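One structure is given here, and the rest of the page talks about it.
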Amino acid sequence: MSDTVTITDNRTGNQLECPIISGTYGEPVIDTKLLHKELGMFTIDPGFGTTASCRSSITYLDGDNGVLLHRGYPIEQLAENSNFTEVCYLLLHGELPNSQEMVDWDHAIKMHTMTHEHLSRFYQGYRYDAHPMSIMAGVVNALASYYHDATDIQNPEHRLLTAKRVIAKMPNIASKCYRYASGLPFVYPDNDKGFVENFLYMTFSWPSEQYAPPPVAIRALELLLILHADHEQNASTSAVRLAGSAESNPFGCIAAGINTLWGKAHGGANEAVVHMLEEIGDTSNIQKFVDKAKDKDDPFRLMGFGHRVYKNYDPRATIIRKACHDLITEMNIDQPMFEVAMELERIALEDDYFIERKLYPNVDFYSGLIYQALKIPVSMFTVMFAMARSAGWIAQWIELMEDPDFRIGRPRQLYIGTEKRDYVDVAKR
Ligand code: ACO
């Protein structure tokens with residue numbers, strides 16, 4: 001039996017043998033490249049539910065069994081043993097660094113933590129109450145105006161230099177988004193500090209006081225950055241790749257990813273979770289909201305529940321759930337919101353509607369709670385996510401640029417509009 005699928009056009013009897021291609025793991029794919037040429041048809045797959053957009057060797061996820069691997073390493077092992085900058089190295093280079101490579105990599109990232117002084121003035125163009133995601137997307141896009149020494153996207157050295165710049169500058173840019181909105185002066189990076197500590201220092205230090213972030217906050221953020229670093233071909237990563245396929249400037253591609261991540265069906269869910277918990281307010285109201293979420297005539301959904309790919313527990317959510325519970329205990333947090341969250345989690349996990357549809361709490365359900373516990377403002381939640389995901393975006397962009405099958409991304413459509421008709425003068429309409 002050959003590894004093909006035969007597609008038959010029952011109208012004409014014409015057939016096409018499509019090769020079945022298998023990867024290392026996961027469902028095989030049907031190569032339909034010749035479908036239009038041979039049978040004169042396209043495929044339609046709203047939401048790309050069954051469409052593989054590329055070959056990739058960066059991240060593998062198995063939604064049925066709750067598996068997430070980066071370059072083959074299980075997320076649980078990376079969360080337990082690694083740190084964010086090492087995960088960035090792994091995503092970009094495909095291998096874990098040895099000790100000298102790790103020292104060199106940390107040094108290289110630190111050499112790019114500053115941004116051009118002009119860029120600091122760019123923030124003034126935003127209204128004081130602009131959403132930090134809007135500012136971040138604009139500022140990251142503006143990076144394209146500064147680095148004329150690495151604009152050759154065909155040059156691997158230029159690509160790697162751009163990757164270092166993206167990863168290193170995101171904490172600086174993220175911190176300024178917060179400080180601009182808070183009326184606080186910008187803080188320069190201190191390269192004696194680690195990646196996460198430096199971010200907290202730039203974001204929360206006070207000009208007139210000594211500042212040392214609590215170790216529990218550094219640990220929790222490190223974990224969140226690792227867990228969010230990459231996640232295969234999600235909406236924002238696909239946006240980065242699509243922009244990249246037009247051979248656009250890489251900073252512009254990352255800005256496309258930031259804007260896509262912002263949506264509440266994607267990275268914006270962590271912010272939406274907290275707003276929802278605030279709206280619920282008290283455990284006595286939970287059932288009302290669960291009923292609303294189950295009502296087909298009501299568009300309301302429980303934020304932080306469900307995932308396109310994970311139809312089993314999101315492995316990141318398992319790790320982060322424990323971290324969230326530990327943090328609440330360690331910091332002795334006694335806020336009604338955490339009580340509501342824990343009760344909502346319990347009720348939804350026991351409800352047939354959620355069980356049947358395999359709607360488990362996702363990573364955003366818990367990440368919002370952790371940020372809240374660390375007193376990170378709600379509007380900054382998705383910015384934190386973007387800071388982490390920029391590592392995955394730039395690694396995926398590099399992989400795209402090196403792909404032998406590189407072509408501009410150009411989906412087709414099924415036209416369902418009006419038939420051809422003649423223009424009618426305005427006086428006669
Ligand atoms: N609350 C209530 N019902 C839900 C929810 C939810 N959060 N999510 C899905 N459903 C229901 C749908 O109504 C649908 O029911 P039906 O079969 O009776 O029509 C069924 O579950 C399947 O839902 P789809 O919309 O087909 O699932 P899809 O894979 O397209 O959507 C998504 C996934 C967008 C994550 C969705 O579950 C959702 O909106 N969740 C809330 C937002 C959220 O938490 N997003 C973060 C995702 S993780 C990330 O991006 C990092």
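Letters A, B, ... mark the chains of the structure tokens in the order given; residue numbers begin at 1 per chain; ligand numbers begin at 1, in order shown.
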
Q: Could the residues that lie within 6 Å of ligand 1, counting only C-alpha atoms and all ligand atoms, be listed as a list in words?
A: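 Going residue by residue within 6 Å of ligand 1, we get Ala265, His266, Gly267, Ala269, Ala293, Lys294, Arg301, Leu302, Met303, Gly304, Phe305, Gly306, His307, Arg308, Arg357, Asn362 and Asp364 of chain A.
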
Q.
Report, in Å to a single decimal, how far apart atom CA of Asp230 of chain A and atom CA of Gly72 of chain A are.
A.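 Atom CA of Asp230 of chain A lies 13.0 Å from atom CA of Gly72 of chain A.
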
(Q) Residues within 7 Å of segment 81-98 of chain A, please, as a PyMOL selection string. Count only C-alpha atoms; anything in the same chain fewer than 3 positions from it doesn't count. (A) chain A and resi 58+70-71+77-78+101-102+222+225-226+391-392+395

All heavy atoms of the current selection, written as a compact mmCIF listing (two decimals), in the first residue's frame:
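Contents of out38.txt, freshly written:
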# COMPACT_ATOMS: atom_id res chain seq x y z
N ILE A 58 11.15 23.12 15.72
CA ILE A 58 11.39 23.86 16.97
C ILE A 58 10.57 23.29 18.12
O ILE A 58 11.12 22.89 19.15
CB ILE A 58 11.09 25.37 16.76
CG1 ILE A 58 12.01 25.94 15.66
CG2 ILE A 58 11.27 26.14 18.07
CD1 ILE A 58 11.76 27.39 15.29
N HIS A 70 10.32 21.36 23.41
CA HIS A 70 11.09 22.35 22.65
C HIS A 70 12.39 21.68 22.22
O HIS A 70 13.18 21.26 23.07
CB HIS A 70 11.43 23.57 23.51
CG HIS A 70 10.23 24.42 23.85
ND1 HIS A 70 9.24 24.70 22.94
CD2 HIS A 70 9.87 25.04 25.00
CE1 HIS A 70 8.33 25.46 23.51
NE2 HIS A 70 8.67 25.68 24.76
N ARG A 71 12.59 21.59 20.91
CA ARG A 71 13.77 20.91 20.36
C ARG A 71 13.94 19.53 21.00
O ARG A 71 15.06 19.10 21.29
CB ARG A 71 15.03 21.76 20.60
CG ARG A 71 14.99 23.15 19.97
CD ARG A 71 15.09 23.11 18.47
NE ARG A 71 15.33 24.43 17.89
CZ ARG A 71 15.43 24.65 16.60
NH1 ARG A 71 15.30 23.66 15.72
NH2 ARG A 71 15.65 25.85 16.14
N GLN A 77 10.86 19.46 32.09
CA GLN A 77 12.29 19.43 32.44
C GLN A 77 12.91 20.81 32.28
O GLN A 77 13.76 21.21 33.08
CB GLN A 77 13.02 18.41 31.57
CG GLN A 77 12.62 16.98 31.89
CD GLN A 77 13.39 15.97 31.06
OE1 GLN A 77 14.49 16.22 30.59
NE2 GLN A 77 12.79 14.80 30.89
N LEU A 78 12.49 21.53 31.26
CA LEU A 78 13.03 22.89 31.08
C LEU A 78 12.57 23.79 32.22
O LEU A 78 13.35 24.57 32.77
CB LEU A 78 12.59 23.47 29.72
CG LEU A 78 13.13 22.74 28.49
CD1 LEU A 78 12.48 23.26 27.21
CD2 LEU A 78 14.66 22.89 28.39
N GLU A 101 29.48 28.17 25.92
CA GLU A 101 28.47 28.78 25.02
C GLU A 101 27.43 29.55 25.83
O GLU A 101 26.95 30.60 25.40
CB GLU A 101 27.78 27.68 24.20
CG GLU A 101 28.66 27.14 23.08
CD GLU A 101 28.16 25.82 22.49
OE1 GLU A 101 27.36 25.11 23.16
OE2 GLU A 101 28.59 25.47 21.39
N MET A 102 27.11 29.03 27.01
CA MET A 102 26.11 29.71 27.87
C MET A 102 26.65 31.06 28.34
O MET A 102 25.94 32.07 28.31
CB MET A 102 25.77 28.81 29.06
CG MET A 102 24.58 29.25 29.86
SD MET A 102 23.05 29.22 28.91
CE MET A 102 22.38 30.81 29.29
N GLU A 222 10.59 33.92 36.03
CA GLU A 222 11.48 33.06 35.22
C GLU A 222 10.67 31.89 34.67
O GLU A 222 10.75 31.55 33.48
CB GLU A 222 12.64 32.56 36.09
CG GLU A 222 13.71 31.81 35.35
CD GLU A 222 14.84 32.73 34.86
OE1 GLU A 222 15.42 33.45 35.68
OE2 GLU A 222 15.14 32.68 33.66
N LEU A 225 8.24 32.99 31.95
CA LEU A 225 8.93 33.27 30.68
C LEU A 225 9.26 31.97 29.96
O LEU A 225 9.07 31.84 28.75
CB LEU A 225 10.20 34.09 30.91
CG LEU A 225 10.02 35.54 31.39
CD1 LEU A 225 11.37 36.23 31.47
CD2 LEU A 225 9.11 36.34 30.48
N ILE A 226 9.75 30.98 30.71
CA ILE A 226 10.09 29.69 30.09
C ILE A 226 8.82 29.06 29.48
O ILE A 226 8.82 28.61 28.33
CB ILE A 226 10.71 28.72 31.13
CG1 ILE A 226 12.06 29.23 31.61
CG2 ILE A 226 10.84 27.30 30.56
CD1 ILE A 226 12.66 28.46 32.76
N ALA A 391 10.97 35.30 21.90
CA ALA A 391 12.03 34.31 21.65
C ALA A 391 11.55 33.30 20.60
O ALA A 391 12.25 33.00 19.62
CB ALA A 391 12.40 33.60 22.94
N GLY A 392 10.32 32.79 20.81
CA GLY A 392 9.76 31.83 19.86
C GLY A 392 9.52 32.47 18.49
O GLY A 392 9.84 31.88 17.46
N ALA A 395 12.79 32.84 16.64
CA ALA A 395 13.32 31.53 16.23
C ALA A 395 12.52 30.99 15.04
O ALA A 395 13.07 30.45 14.08
CB ALA A 395 13.26 30.55 17.41
